[in-house]
>>> print(open('upload20.cif').read())   # mmCIF, C-alpha atoms
data_model
loop_
_atom_site.label_atom_id
_atom_site.label_comp_id
_atom_site.auth_asym_id
_atom_site.auth_seq_id
_atom_site.Cartn_x
_atom_site.Cartn_y
_atom_site.Cartn_z
CA MET A 72 70.15 100.75 104.78
CA ALA A 73 72.50 100.69 101.84
CA VAL A 74 76.19 101.14 102.52
CA SER A 75 78.18 102.73 99.74
CA PRO A 76 80.87 100.41 98.34
CA MET A 77 83.18 103.43 98.17
CA GLU A 78 82.92 104.17 101.88
CA GLN A 79 85.90 101.90 102.60
CA PHE A 80 88.20 104.33 100.80
CA GLN A 81 87.28 107.36 102.90
CA VAL A 82 90.19 108.96 104.70
CA LYS A 83 89.04 109.83 108.23
CA PRO A 84 91.07 111.82 110.72
CA ILE A 85 91.89 109.99 113.96
CA ILE A 86 93.89 112.75 115.65
CA PRO A 87 93.01 116.11 114.05
CA LEU A 88 96.07 118.32 113.60
CA HIS A 89 96.40 121.67 111.86
CA ILE A 90 99.81 123.26 111.44
CA GLY A 91 100.28 126.53 109.58
CA GLY A 92 96.93 126.30 107.81
CA TYR A 93 97.63 122.78 106.54
CA ASP A 94 95.57 119.78 107.56
CA VAL A 95 98.17 117.28 108.78
CA SER A 96 95.78 115.14 110.82
CA PHE A 97 96.79 111.62 111.73
CA THR A 98 94.25 109.65 109.67
CA ASN A 99 93.31 106.00 109.22
CA GLN A 100 95.52 106.23 106.15
CA SER A 101 98.54 107.28 108.23
CA LEU A 102 97.71 104.63 110.82
CA TRP A 103 97.74 101.82 108.25
CA MET A 104 100.92 103.13 106.64
CA CYS A 105 102.54 102.99 110.08
CA VAL A 106 101.15 99.47 110.58
CA VAL A 107 102.60 98.34 107.24
CA VAL A 108 106.01 99.88 107.85
CA GLY A 109 106.03 98.51 111.40
CA ALA A 110 105.05 95.02 110.27
CA VAL A 111 107.73 94.88 107.57
CA SER A 112 110.41 96.22 109.93
CA LEU A 113 109.41 93.80 112.68
CA PHE A 114 109.33 90.86 110.25
CA MET A 115 112.80 91.67 108.93
CA ALA A 116 114.23 92.33 112.39
CA VAL A 117 112.86 89.11 113.85
CA ALA A 118 113.80 87.08 110.78
CA VAL A 119 117.48 88.01 110.93
CA SER A 120 117.84 88.33 114.70
CA ASN A 121 118.72 84.66 115.11
CA ARG A 122 120.83 83.95 112.06
CA ARG A 123 121.71 80.38 111.25
CA LEU A 124 123.38 78.61 108.34
CA VAL A 125 120.31 76.41 108.03
CA PRO A 126 117.60 79.09 108.14
CA SER A 127 114.47 78.96 110.24
CA ARG A 128 111.13 79.49 108.52
CA MET A 129 111.11 83.24 109.17
CA GLN A 130 114.70 83.62 108.06
CA SER A 131 114.12 81.71 104.85
CA MET A 132 111.06 83.88 104.08
CA ALA A 133 113.21 86.98 104.46
CA GLU A 134 115.96 85.40 102.35
CA MET A 135 113.51 84.38 99.66
CA SER A 136 112.06 87.86 99.34
CA TYR A 137 115.58 89.27 99.23
CA GLU A 138 116.64 86.87 96.49
CA PHE A 139 113.43 87.39 94.56
CA VAL A 140 113.98 91.14 94.35
CA ALA A 141 117.72 90.78 93.73
CA ASN A 142 117.05 88.40 90.80
CA MET A 143 114.40 90.72 89.45
CA ILE A 144 116.76 93.72 89.46
CA ASN A 145 119.52 91.62 87.94
CA MET A 146 117.24 90.52 85.11
CA ALA A 147 115.66 93.90 84.39
CA ALA A 148 118.52 96.34 85.04
CA GLY A 149 121.70 94.24 85.03
CA GLU A 150 124.56 94.11 87.55
CA ASP A 151 124.88 97.87 88.10
CA GLY A 152 121.17 98.11 88.80
CA LEU A 153 121.87 96.33 92.09
CA ARG A 154 123.00 99.68 93.48
CA PHE A 155 119.30 100.50 93.71
CA PHE A 156 118.50 97.30 95.55
CA PRO A 157 117.59 98.96 98.88
CA PHE A 158 115.26 101.37 97.09
CA ILE A 159 113.45 98.75 94.99
CA PHE A 160 113.31 96.27 97.88
CA THR A 161 111.70 98.87 100.13
CA ILE A 162 109.15 99.85 97.51
CA PHE A 163 108.32 96.24 96.70
CA LEU A 164 107.85 95.27 100.35
CA PHE A 165 105.80 98.37 101.11
CA VAL A 166 103.46 97.91 98.16
CA ALA A 167 103.11 94.14 98.60
CA THR A 168 102.46 94.41 102.34
CA SER A 169 99.97 97.26 101.91
CA ASN A 170 98.11 95.25 99.28
CA PHE A 171 97.98 92.16 101.49
CA PHE A 172 97.00 94.11 104.61
CA GLY A 173 94.24 95.74 102.58
CA LEU A 174 92.68 92.29 102.19
CA LEU A 175 92.26 91.91 105.95
CA PRO A 176 88.60 92.48 106.82
CA GLY A 177 88.05 95.94 108.29
CA SER A 178 91.46 97.22 107.29
CA PHE A 179 92.29 100.19 105.11
CA THR A 180 94.05 99.76 101.77
CA VAL A 181 96.84 102.30 101.65
CA THR A 182 97.57 101.66 97.97
CA SER A 183 93.96 102.42 96.97
CA GLN A 184 94.73 106.12 97.41
CA ILE A 185 96.18 107.75 94.32
CA ALA A 186 98.06 110.21 96.53
CA VAL A 187 100.11 107.33 97.93
CA THR A 188 100.76 105.54 94.66
CA PHE A 189 101.60 108.79 92.90
CA ALA A 190 104.03 109.77 95.66
CA LEU A 191 105.78 106.41 95.26
CA THR A 192 105.90 106.84 91.48
CA ALA A 193 107.20 110.39 91.78
CA LEU A 194 110.02 109.01 93.92
CA VAL A 195 110.87 106.43 91.25
CA ILE A 196 110.74 108.86 88.33
CA LEU A 197 112.78 111.50 90.18
CA THR A 198 115.39 108.84 90.91
CA VAL A 199 115.41 107.91 87.23
CA ILE A 200 115.86 111.52 86.12
CA VAL A 201 118.57 112.32 88.70
CA THR A 202 120.45 109.08 87.96
CA GLY A 203 120.23 109.71 84.23
CA PHE A 204 121.64 113.22 84.46
CA ILE A 205 124.40 112.19 86.88
CA LYS A 206 125.44 109.25 84.72
CA HIS A 207 125.17 110.82 81.25
CA GLY A 208 125.00 114.56 81.88
CA ILE A 209 123.02 116.40 79.22
CA GLY A 210 123.36 113.30 77.02
CA PHE A 211 120.51 111.79 79.01
CA LEU A 212 118.21 113.78 76.74
CA MET A 213 119.25 111.38 73.96
CA LEU A 214 116.69 109.08 75.59
CA PHE A 215 114.13 111.03 73.60
CA VAL A 216 115.95 110.56 70.29
CA PRO A 217 115.45 107.06 68.89
CA LYS A 218 117.60 105.65 66.09
CA ALA A 219 115.70 106.77 63.01
CA PRO A 220 116.13 108.92 59.90
CA ALA A 221 116.34 112.64 60.70
CA LEU A 222 113.01 113.45 59.03
CA MET A 223 111.14 110.95 61.20
CA LEU A 224 112.59 112.52 64.34
CA ILE A 225 110.23 115.50 64.01
CA LEU A 226 107.41 113.02 64.67
CA LEU A 227 109.20 110.60 66.96
CA VAL A 228 110.71 112.99 69.52
CA PRO A 229 107.33 114.35 70.70
CA LEU A 230 106.09 110.75 70.88
CA GLU A 231 109.03 109.76 73.08
CA VAL A 232 108.52 112.80 75.31
CA ILE A 233 104.82 111.99 75.73
CA SER A 234 105.48 108.34 76.49
CA PHE A 235 108.08 109.35 79.09
CA CYS A 236 105.57 111.69 80.72
CA THR A 237 102.92 108.95 80.65
CA ARG A 238 105.06 106.58 82.72
CA PRO A 239 104.47 108.08 86.18
CA MET A 240 100.75 108.27 85.36
CA SER A 241 100.36 104.70 84.16
CA LEU A 242 102.52 103.33 86.97
CA SER A 243 100.51 105.02 89.71
CA VAL A 244 97.09 104.65 88.08
CA ARG A 245 97.61 100.94 87.44
CA LEU A 246 98.31 100.13 91.09
CA PHE A 247 95.64 102.46 92.43
CA ALA A 248 92.91 101.37 89.99
CA ASN A 249 93.58 97.66 90.47
CA MET A 250 93.23 97.98 94.22
CA LEU A 251 90.19 100.26 93.96
CA ALA A 252 88.41 98.02 91.45
CA GLY A 253 89.03 94.81 93.36
CA HIS A 254 87.90 96.14 96.72
CA THR A 255 84.84 97.86 95.26
CA MET A 256 83.82 94.64 93.53
CA LEU A 257 84.10 92.73 96.82
CA LYS A 258 81.95 95.30 98.61
CA VAL A 259 79.32 95.36 95.87
CA MET A 260 78.98 91.57 95.95
CA ALA A 261 78.86 91.56 99.72
CA GLY A 262 75.94 94.00 99.36
CA PHE A 263 74.16 91.41 97.17
CA VAL A 264 74.58 88.76 99.85
CA ILE A 265 73.02 90.99 102.51
CA ALA A 266 70.20 92.18 100.25
CA LEU A 267 69.28 88.65 99.16
CA GLY A 268 69.57 87.30 102.67
CA GLY A 269 67.37 90.07 103.99
CA ALA A 270 64.70 89.37 101.35
CA GLY A 271 63.96 86.05 103.08
CA GLY A 272 62.24 82.94 101.71
CA ILE A 273 63.67 81.43 98.51
CA MET A 274 65.75 84.56 97.91
CA ALA A 275 67.79 83.87 101.03
CA PHE A 276 69.05 80.62 99.50
CA LEU A 277 70.12 82.47 96.36
CA SER A 278 72.54 84.54 98.43
CA VAL A 279 74.91 81.55 98.37
CA ALA A 280 75.78 82.39 94.76
CA PRO A 281 77.31 85.85 95.35
CA MET A 282 78.93 84.47 98.50
CA ALA A 283 80.75 81.80 96.46
CA LEU A 284 81.74 84.48 93.97
CA ILE A 285 83.19 86.61 96.78
CA VAL A 286 85.40 83.71 97.87
CA ALA A 287 86.66 83.29 94.31
CA VAL A 288 87.28 87.01 93.77
CA TYR A 289 88.96 87.26 97.16
CA LEU A 290 91.44 84.57 96.14
CA LEU A 291 92.01 86.35 92.85
CA GLU A 292 92.67 89.54 94.80
CA PHE A 293 95.57 87.81 96.55
CA LEU A 294 97.13 87.13 93.17
CA VAL A 295 96.44 90.72 92.08
CA ALA A 296 97.96 92.07 95.30
CA PHE A 297 101.22 90.25 94.66
CA LEU A 298 101.22 90.79 90.92
CA GLN A 299 100.69 94.54 91.20
CA ALA A 300 103.55 94.87 93.67
CA TYR A 301 105.72 92.84 91.30
CA VAL A 302 104.69 94.91 88.27
CA PHE A 303 105.35 98.14 90.16
CA ALA A 304 108.83 97.01 91.21
CA ILE A 305 109.85 95.56 87.85
CA LEU A 306 108.69 98.62 85.92
CA SER A 307 110.72 100.79 88.30
CA CYS A 308 113.72 98.55 87.51
CA ILE A 309 113.14 98.87 83.76
CA TYR A 310 112.94 102.66 83.95
CA LEU A 311 116.08 102.80 86.09
CA SER A 312 117.81 100.49 83.62
CA GLU A 313 116.99 102.87 80.77
CA ALA A 314 118.46 105.76 82.74
CA LEU A 315 121.61 103.72 83.41
CA HIS A 316 122.21 102.29 79.95
CA LEU A 317 120.28 104.64 77.60
CA HIS A 318 119.93 102.83 74.27
CA ASP A 319 122.81 100.39 74.38
CA ASN A 320 121.06 97.18 75.37
CA HIS A 321 117.74 97.00 73.62
CA MET B 123 131.23 75.27 119.46
CA SER B 124 129.45 71.94 119.63
CA GLU B 125 129.47 71.32 115.88
CA PRO B 126 132.57 69.73 114.37
CA ASP B 127 134.41 71.71 111.66
CA PRO B 128 132.93 70.78 108.27
CA ASP B 129 135.08 69.12 105.66
CA PRO B 130 136.02 71.77 103.01
CA GLU B 131 135.71 69.25 100.17
CA GLU B 132 132.21 68.36 101.20
CA LEU B 133 131.26 72.02 101.52
CA ARG B 134 132.47 72.73 98.01
CA ALA B 135 130.43 69.84 96.63
CA LEU B 136 127.40 71.15 98.49
CA GLY B 137 128.01 74.61 97.05
CA ALA B 138 128.11 73.21 93.52
CA ARG B 139 124.86 71.34 94.09
CA LEU B 140 123.21 74.47 95.49
CA ASP B 141 124.30 76.45 92.42
CA GLU B 142 122.77 73.78 90.21
CA VAL B 143 119.44 73.93 92.07
CA GLN B 144 119.45 77.69 91.94
CA LYS B 145 119.97 77.70 88.20
CA GLN B 146 116.88 75.54 87.80
CA ARG B 147 114.93 77.70 90.22
CA ARG B 148 115.67 80.85 88.29
CA VAL B 149 113.82 79.52 85.27
CA ARG B 150 110.80 78.79 87.45
CA ASP B 151 110.81 82.26 89.05
CA VAL B 152 109.40 83.86 85.88
CA PRO B 153 106.06 85.43 86.94
CA PRO B 154 102.73 84.01 85.78
CA PRO B 155 101.40 85.52 82.53
CA PRO B 156 98.87 88.32 83.09
CA THR B 157 95.15 87.49 83.14
CA GLN B 158 92.89 88.51 80.25
CA ALA B 159 91.33 91.27 82.35
CA GLY B 160 94.81 92.47 83.30
CA ILE B 161 95.81 92.74 79.64
CA ALA B 162 92.62 94.59 78.71
CA PHE B 163 93.07 96.92 81.65
CA ARG B 164 96.67 97.65 80.74
CA PHE B 165 95.84 98.47 77.11
CA THR B 166 93.05 100.89 78.04
CA THR B 167 95.09 102.74 80.64
CA GLU B 168 98.06 103.09 78.27
CA LEU B 169 95.87 104.44 75.48
CA VAL B 170 93.75 106.82 77.56
CA LEU B 171 96.61 108.13 79.68
CA ALA B 172 98.91 108.81 76.72
CA THR B 173 96.16 110.80 74.99
CA ALA B 174 95.41 112.70 78.19
CA VAL B 175 99.07 113.48 78.82
CA GLY B 176 99.48 114.64 75.20
CA ALA B 177 96.46 116.92 75.57
CA ALA B 178 97.83 118.27 78.86
CA ILE B 179 101.18 119.09 77.26
CA GLY B 180 99.33 120.76 74.37
CA TRP B 181 97.29 122.79 76.82
CA CYS B 182 100.49 123.98 78.51
CA ILE B 183 101.97 124.95 75.15
CA ASP B 184 98.80 126.92 74.33
CA TRP B 185 98.91 128.61 77.70
CA ALA B 186 102.56 129.59 77.30
CA PHE B 187 102.54 130.72 73.65
CA HIS B 188 98.86 131.77 73.20
CA THR B 189 98.39 129.37 70.30
CA ARG B 190 95.01 127.97 71.35
CA PRO B 191 93.64 125.67 69.94
CA PHE B 192 96.51 124.36 67.82
CA GLY B 193 98.75 123.03 70.58
CA ILE B 194 96.05 120.97 72.22
CA VAL B 195 94.80 119.56 68.91
CA ILE B 196 98.21 118.58 67.59
CA MET B 197 99.53 117.26 70.90
CA SER B 198 96.43 115.12 71.57
CA LEU B 199 97.00 113.47 68.20
CA PHE B 200 100.62 112.86 69.16
CA GLY B 201 99.38 111.52 72.50
CA ALA B 202 97.03 109.09 70.79
CA ALA B 203 99.89 107.95 68.55
CA ALA B 204 102.12 107.44 71.59
CA GLY B 205 99.30 105.48 73.24
CA ILE B 206 98.91 103.16 70.26
CA ARG B 207 102.65 102.60 70.18
CA ALA B 208 102.62 101.81 73.89
CA VAL B 209 99.83 99.27 73.31
CA ILE B 210 101.78 97.62 70.47
CA ARG B 211 104.83 97.47 72.70
CA ALA B 212 102.81 95.95 75.55
CA ALA B 213 101.35 93.36 73.19
CA GLU B 214 104.84 92.42 72.00
CA GLU B 215 105.97 92.03 75.61
CA ILE B 216 103.02 89.77 76.45
CA ASN B 217 103.65 87.68 73.32
CA ALA B 218 107.30 87.30 74.26
CA GLN B 219 106.25 86.20 77.74
CA ALA B 220 103.71 83.73 76.37
CA ALA B 221 106.36 82.29 74.05
CA LYS B 222 108.59 81.72 77.07
CA ALA B 223 105.92 79.87 79.06
CA PRO B 224 105.79 76.57 77.07
CA ALA B 225 109.59 76.47 76.96
CA ARG B 226 109.53 76.63 80.74
CA LYS B 227 107.30 73.54 80.93
CA ASN B 228 109.71 71.55 78.77
CA ASP B 229 112.57 72.44 81.07
CA GLU B 230 110.75 71.02 84.05
CA GLU B 231 110.08 67.72 82.30
CA LYS B 232 113.76 67.11 81.63
#
>>> encode(input="upload20.cif", output="structure tokens")
Amino acid sequence: MAVSPMEQFQVKPIIPLHIGGYDVSFTNQSLWMCVVVGAVSLFMAVAVSNRRLVPSRMQSMAEMSYEFVANMINMAAGEDGLRFFPFIFTIFLFVATSNFFGLLPGSFTVTSQIAVTFALTALVILTVIVTGFIKHGIGFLMLFVPKAPALMLILLVPLEVISFCTRPMSLSVRLFANMLAGHTMLKVMAGFVIALGGAGGIMAFLSVAPMALIVAVYLLEFLVAFLQAYVFAILSCIYLSEALHLHDNH
Amino acid sequence: MSEPDPDPEELRALGARLDEVQKQRRVRDVPPPPTQAGIAFRFTTELVLATAVGAAIGWCIDWAFHTRPFGIVIMSLFGAAAGIRAVIRAAEEINAQAAKAPARKNDEEK
């Protein structure tokens, strides 16, 4: 019996619910989102519940993640970007924890659903647009007008508009596709192990090769899980920084 | 309170040393450079998505002003151009990052 490598991404209802013609069932997706949010909240609550000047291991993990994100915002968006610290910190922790939890055997990867990543991105881009208009008023539209001779602007303004519209797409697709590709690859190779093992005889010994490869790819996936969360957070910072400062610090 | 009050002079010295350590740490906190597959993946998504978004905008223009097929043709070309520019920009970023990496090693040796 062949198991589809894509089966792991299926959203299945756990508690079916229909309100006003909409399907709002509590699914495995919702369950794992709750698990992620719960785990992060619990970790943070426990880590800071027993504060000491010389931190315990938990406390120093919480402090390190705090400082990591704070430094990142400081680097990418400057001092006044720190106003968005709670927002970026939440997004970073959510994405990183979802990616890591997705690597647990039998779990569900929340960030492998484009609906989730796109919702996160929409949140970021809406924040960018609202911040930009609050800070600069209608002048925010100057974001689309680069410093160039007037004749070139006919060509450059549509380019700027398109690249602005591409951002939410590339941000959400990058996270979603990385997770999807990595997990599919793991499942496909796991299928090789089972098929070779089931063939028996000399073939069974060959199944060690894909098994070793799975271990290697699994380790790589840990790097990808962190890196994608980092990329997601830092790109959000860069976009926010552009809304805050427009062209003045390029 | 079982601990004795710390000496303020000592605390200040400790603070200075911590600042020093932190300054060194900050250089190390630069993320690892992206893998080859990561770079390839980034370039393709930028290029394809920009073209697709350009085409989508063109389609909307056509739908609003009944100018089919000119909007979609012209805007896909603009989209492709935006995609190529995004790729060039991404390449510049990666180069800048790669240039920083050896400098980081030298700092650690000091």
>>> closest_residue(input="upload20.cif", among="B:Lys222, B:His188, B:Arg164, B:Lys145", to="chain A", atoms="all atoms listed in the file")
B:Arg164
>>> resolve_selection(input="upload20.cif", expression="the PyMOL selection byres ((chain B) within 12 of (chain A))", output="VMD selection string")
chain B and resid 144 to 145 147 to 157 159 to 180 196 to 209 211
>>> residues_around(input="upload20.cif", residues="Gly177 in chain A", least_positions_apart="4", cutoff="12 Å", atoms="all atoms listed in the file", output="VMD selection string")
chain A and resid 78 to 80 99 103 172 to 173 254 258
>>> residues_around(input="upload20.cif", residues="Glu292 in chain A", least_positions_apart="3", cutoff="12 Å", atoms="all atoms listed in the file", output="PyMOL selection string")
chain A and resi 170-175+249-257+285-289+295-299
>>> write_last_selection(input="upload20.cif", atoms="C-alpha atoms", output="tab-separated table (two decimals), in the coordinates of the input")
chain	number	residue	atom	x	y	z
A	170	ASN	CA	98.11	95.25	99.28
A	171	PHE	CA	97.98	92.16	101.49
A	172	PHE	CA	97.00	94.11	104.61
A	173	GLY	CA	94.24	95.74	102.58
A	174	LEU	CA	92.68	92.29	102.19
A	175	LEU	CA	92.26	91.91	105.95
A	249	ASN	CA	93.58	97.66	90.47
A	250	MET	CA	93.23	97.98	94.22
A	251	LEU	CA	90.19	100.26	93.96
A	252	ALA	CA	88.41	98.02	91.45
A	253	GLY	CA	89.03	94.81	93.36
A	254	HIS	CA	87.90	96.14	96.72
A	255	THR	CA	84.84	97.86	95.26
A	256	MET	CA	83.82	94.64	93.53
A	257	LEU	CA	84.10	92.73	96.82
A	285	ILE	CA	83.19	86.61	96.78
A	286	VAL	CA	85.40	83.71	97.87
A	287	ALA	CA	86.66	83.29	94.31
A	288	VAL	CA	87.28	87.01	93.77
A	289	TYR	CA	88.96	87.26	97.16
A	295	VAL	CA	96.44	90.72	92.08
A	296	ALA	CA	97.96	92.07	95.30
A	297	PHE	CA	101.22	90.25	94.66
A	298	LEU	CA	101.22	90.79	90.92
A	299	GLN	CA	100.69	94.54	91.20
>>> axis_aligned_box(input="upload20.cif", around="range 223-238 of chain A", padding_each_side="5 Å", output="lines of an AutoDock Vina configuration file")
center_x = 107.8
center_y = 111.0
center_z = 72.0
size_x = 19.7
size_y = 18.9
size_z = 31.5
>>> build_atoms(input="upload20.cif", residues="range 220-253 of chain A", atoms="N, CA and C atoms", output="mmCIF file, in the coordinates of the input")
data_model
loop_
_atom_site.group_PDB
_atom_site.id
_atom_site.type_symbol
_atom_site.label_atom_id
_atom_site.label_comp_id
_atom_site.auth_asym_id
_atom_site.auth_seq_id
_atom_site.Cartn_x
_atom_site.Cartn_y
_atom_site.Cartn_z
ATOM 1 N N PRO A 220 115.724 107.850 60.813
ATOM 2 C CA PRO A 220 116.130 108.920 59.900
ATOM 3 C C PRO A 220 115.713 110.285 60.454
ATOM 4 N N ALA A 221 116.515 111.317 60.095
ATOM 5 C CA ALA A 221 116.340 112.640 60.700
ATOM 6 C C ALA A 221 114.932 113.182 60.495
ATOM 7 N N LEU A 222 114.329 112.906 59.324
ATOM 8 C CA LEU A 222 113.010 113.450 59.030
ATOM 9 C C LEU A 222 111.956 112.884 59.984
ATOM 10 N N MET A 223 112.104 111.598 60.313
ATOM 11 C CA MET A 223 111.140 110.950 61.200
ATOM 12 C C MET A 223 111.229 111.506 62.619
ATOM 13 N N LEU A 224 112.397 112.066 62.966
ATOM 14 C CA LEU A 224 112.590 112.520 64.340
ATOM 15 C C LEU A 224 111.601 113.613 64.719
ATOM 16 N N ILE A 225 111.195 114.430 63.723
ATOM 17 C CA ILE A 225 110.230 115.500 64.010
ATOM 18 C C ILE A 225 108.976 114.898 64.622
ATOM 19 N N LEU A 226 108.596 113.691 64.131
ATOM 20 C CA LEU A 226 107.410 113.020 64.670
ATOM 21 C C LEU A 226 107.737 112.211 65.905
ATOM 22 N N LEU A 227 108.923 111.582 65.909
ATOM 23 C CA LEU A 227 109.200 110.600 66.960
ATOM 24 C C LEU A 227 109.589 111.234 68.285
ATOM 25 N N VAL A 228 110.275 112.389 68.245
ATOM 26 C CA VAL A 228 110.710 112.990 69.520
ATOM 27 C C VAL A 228 109.519 113.387 70.400
ATOM 28 N N PRO A 229 108.499 114.073 69.829
ATOM 29 C CA PRO A 229 107.330 114.350 70.700
ATOM 30 C C PRO A 229 106.691 113.079 71.241
ATOM 31 N N LEU A 230 106.669 112.019 70.411
ATOM 32 C CA LEU A 230 106.090 110.750 70.880
ATOM 33 C C LEU A 230 106.868 110.224 72.085
ATOM 34 N N GLU A 231 108.202 110.273 71.984
ATOM 35 C CA GLU A 231 109.030 109.760 73.080
ATOM 36 C C GLU A 231 108.817 110.591 74.351
ATOM 37 N N VAL A 232 108.715 111.925 74.148
ATOM 38 C CA VAL A 232 108.520 112.800 75.310
ATOM 39 C C VAL A 232 107.188 112.470 75.977
ATOM 40 N N ILE A 233 106.138 112.299 75.154
ATOM 41 C CA ILE A 233 104.820 111.990 75.730
ATOM 42 C C ILE A 233 104.871 110.649 76.440
ATOM 43 N N SER A 234 105.521 109.637 75.820
ATOM 44 C CA SER A 234 105.480 108.340 76.490
ATOM 45 C C SER A 234 106.298 108.358 77.771
ATOM 46 N N PHE A 235 107.334 109.222 77.814
ATOM 47 C CA PHE A 235 108.080 109.350 79.090
ATOM 48 C C PHE A 235 107.201 109.995 80.160
ATOM 49 N N CYS A 236 106.432 111.008 79.751
ATOM 50 C CA CYS A 236 105.570 111.690 80.720
ATOM 51 C C CYS A 236 104.402 110.798 81.160
ATOM 52 N N THR A 237 104.046 109.826 80.308
ATOM 53 C CA THR A 237 102.920 108.950 80.650
ATOM 54 C C THR A 237 103.311 107.955 81.737
ATOM 55 N N ARG A 238 104.615 107.632 81.802
ATOM 56 C CA ARG A 238 105.060 106.580 82.720
ATOM 57 C C ARG A 238 104.620 106.776 84.169
ATOM 58 N N PRO A 239 104.891 107.943 84.779
ATOM 59 C CA PRO A 239 104.470 108.080 86.180
ATOM 60 C C PRO A 239 102.965 107.912 86.329
ATOM 61 N N MET A 240 102.212 108.394 85.312
ATOM 62 C CA MET A 240 100.750 108.270 85.360
ATOM 63 C C MET A 240 100.355 106.803 85.332
ATOM 64 N N SER A 241 100.845 106.071 84.316
ATOM 65 C CA SER A 241 100.360 104.700 84.160
ATOM 66 C C SER A 241 100.819 103.842 85.328
ATOM 67 N N LEU A 242 102.018 104.112 85.837
ATOM 68 C CA LEU A 242 102.520 103.330 86.970
ATOM 69 C C LEU A 242 101.642 103.519 88.199
ATOM 70 N N SER A 243 101.296 104.792 88.492
ATOM 71 C CA SER A 243 100.510 105.020 89.710
ATOM 72 C C SER A 243 99.051 104.644 89.509
ATOM 73 N N VAL A 244 98.513 104.949 88.307
ATOM 74 C CA VAL A 244 97.090 104.650 88.080
ATOM 75 C C VAL A 244 96.859 103.148 88.068
ATOM 76 N N ARG A 245 97.811 102.378 87.526
ATOM 77 C CA ARG A 245 97.610 100.940 87.440
ATOM 78 C C ARG A 245 97.458 100.323 88.835
ATOM 79 N N LEU A 246 98.368 100.687 89.728
ATOM 80 C CA LEU A 246 98.310 100.130 91.090
ATOM 81 C C LEU A 246 97.037 100.587 91.799
ATOM 82 N N PHE A 247 96.798 101.879 91.731
ATOM 83 C CA PHE A 247 95.640 102.460 92.430
ATOM 84 C C PHE A 247 94.332 101.877 91.903
ATOM 85 N N ALA A 248 94.181 101.814 90.566
ATOM 86 C CA ALA A 248 92.910 101.370 89.990
ATOM 87 C C ALA A 248 92.680 99.887 90.239
ATOM 88 N N ASN A 249 93.743 99.089 90.197
ATOM 89 C CA ASN A 249 93.580 97.660 90.470
ATOM 90 C C ASN A 249 93.064 97.431 91.872
ATOM 91 N N MET A 250 93.649 98.147 92.837
ATOM 92 C CA MET A 250 93.230 97.980 94.220
ATOM 93 C C MET A 250 91.789 98.468 94.398
ATOM 94 N N LEU A 251 91.517 99.661 93.825
ATOM 95 C CA LEU A 251 90.190 100.260 93.960
ATOM 96 C C LEU A 251 89.131 99.342 93.363
ATOM 97 N N ALA A 252 89.397 98.846 92.147
ATOM 98 C CA ALA A 252 88.410 98.020 91.450
ATOM 99 C C ALA A 252 88.140 96.735 92.227
ATOM 100 N N GLY A 253 89.198 96.075 92.663
ATOM 101 C CA GLY A 253 89.030 94.810 93.360
ATOM 102 C C GLY A 253 88.234 94.957 94.640
#
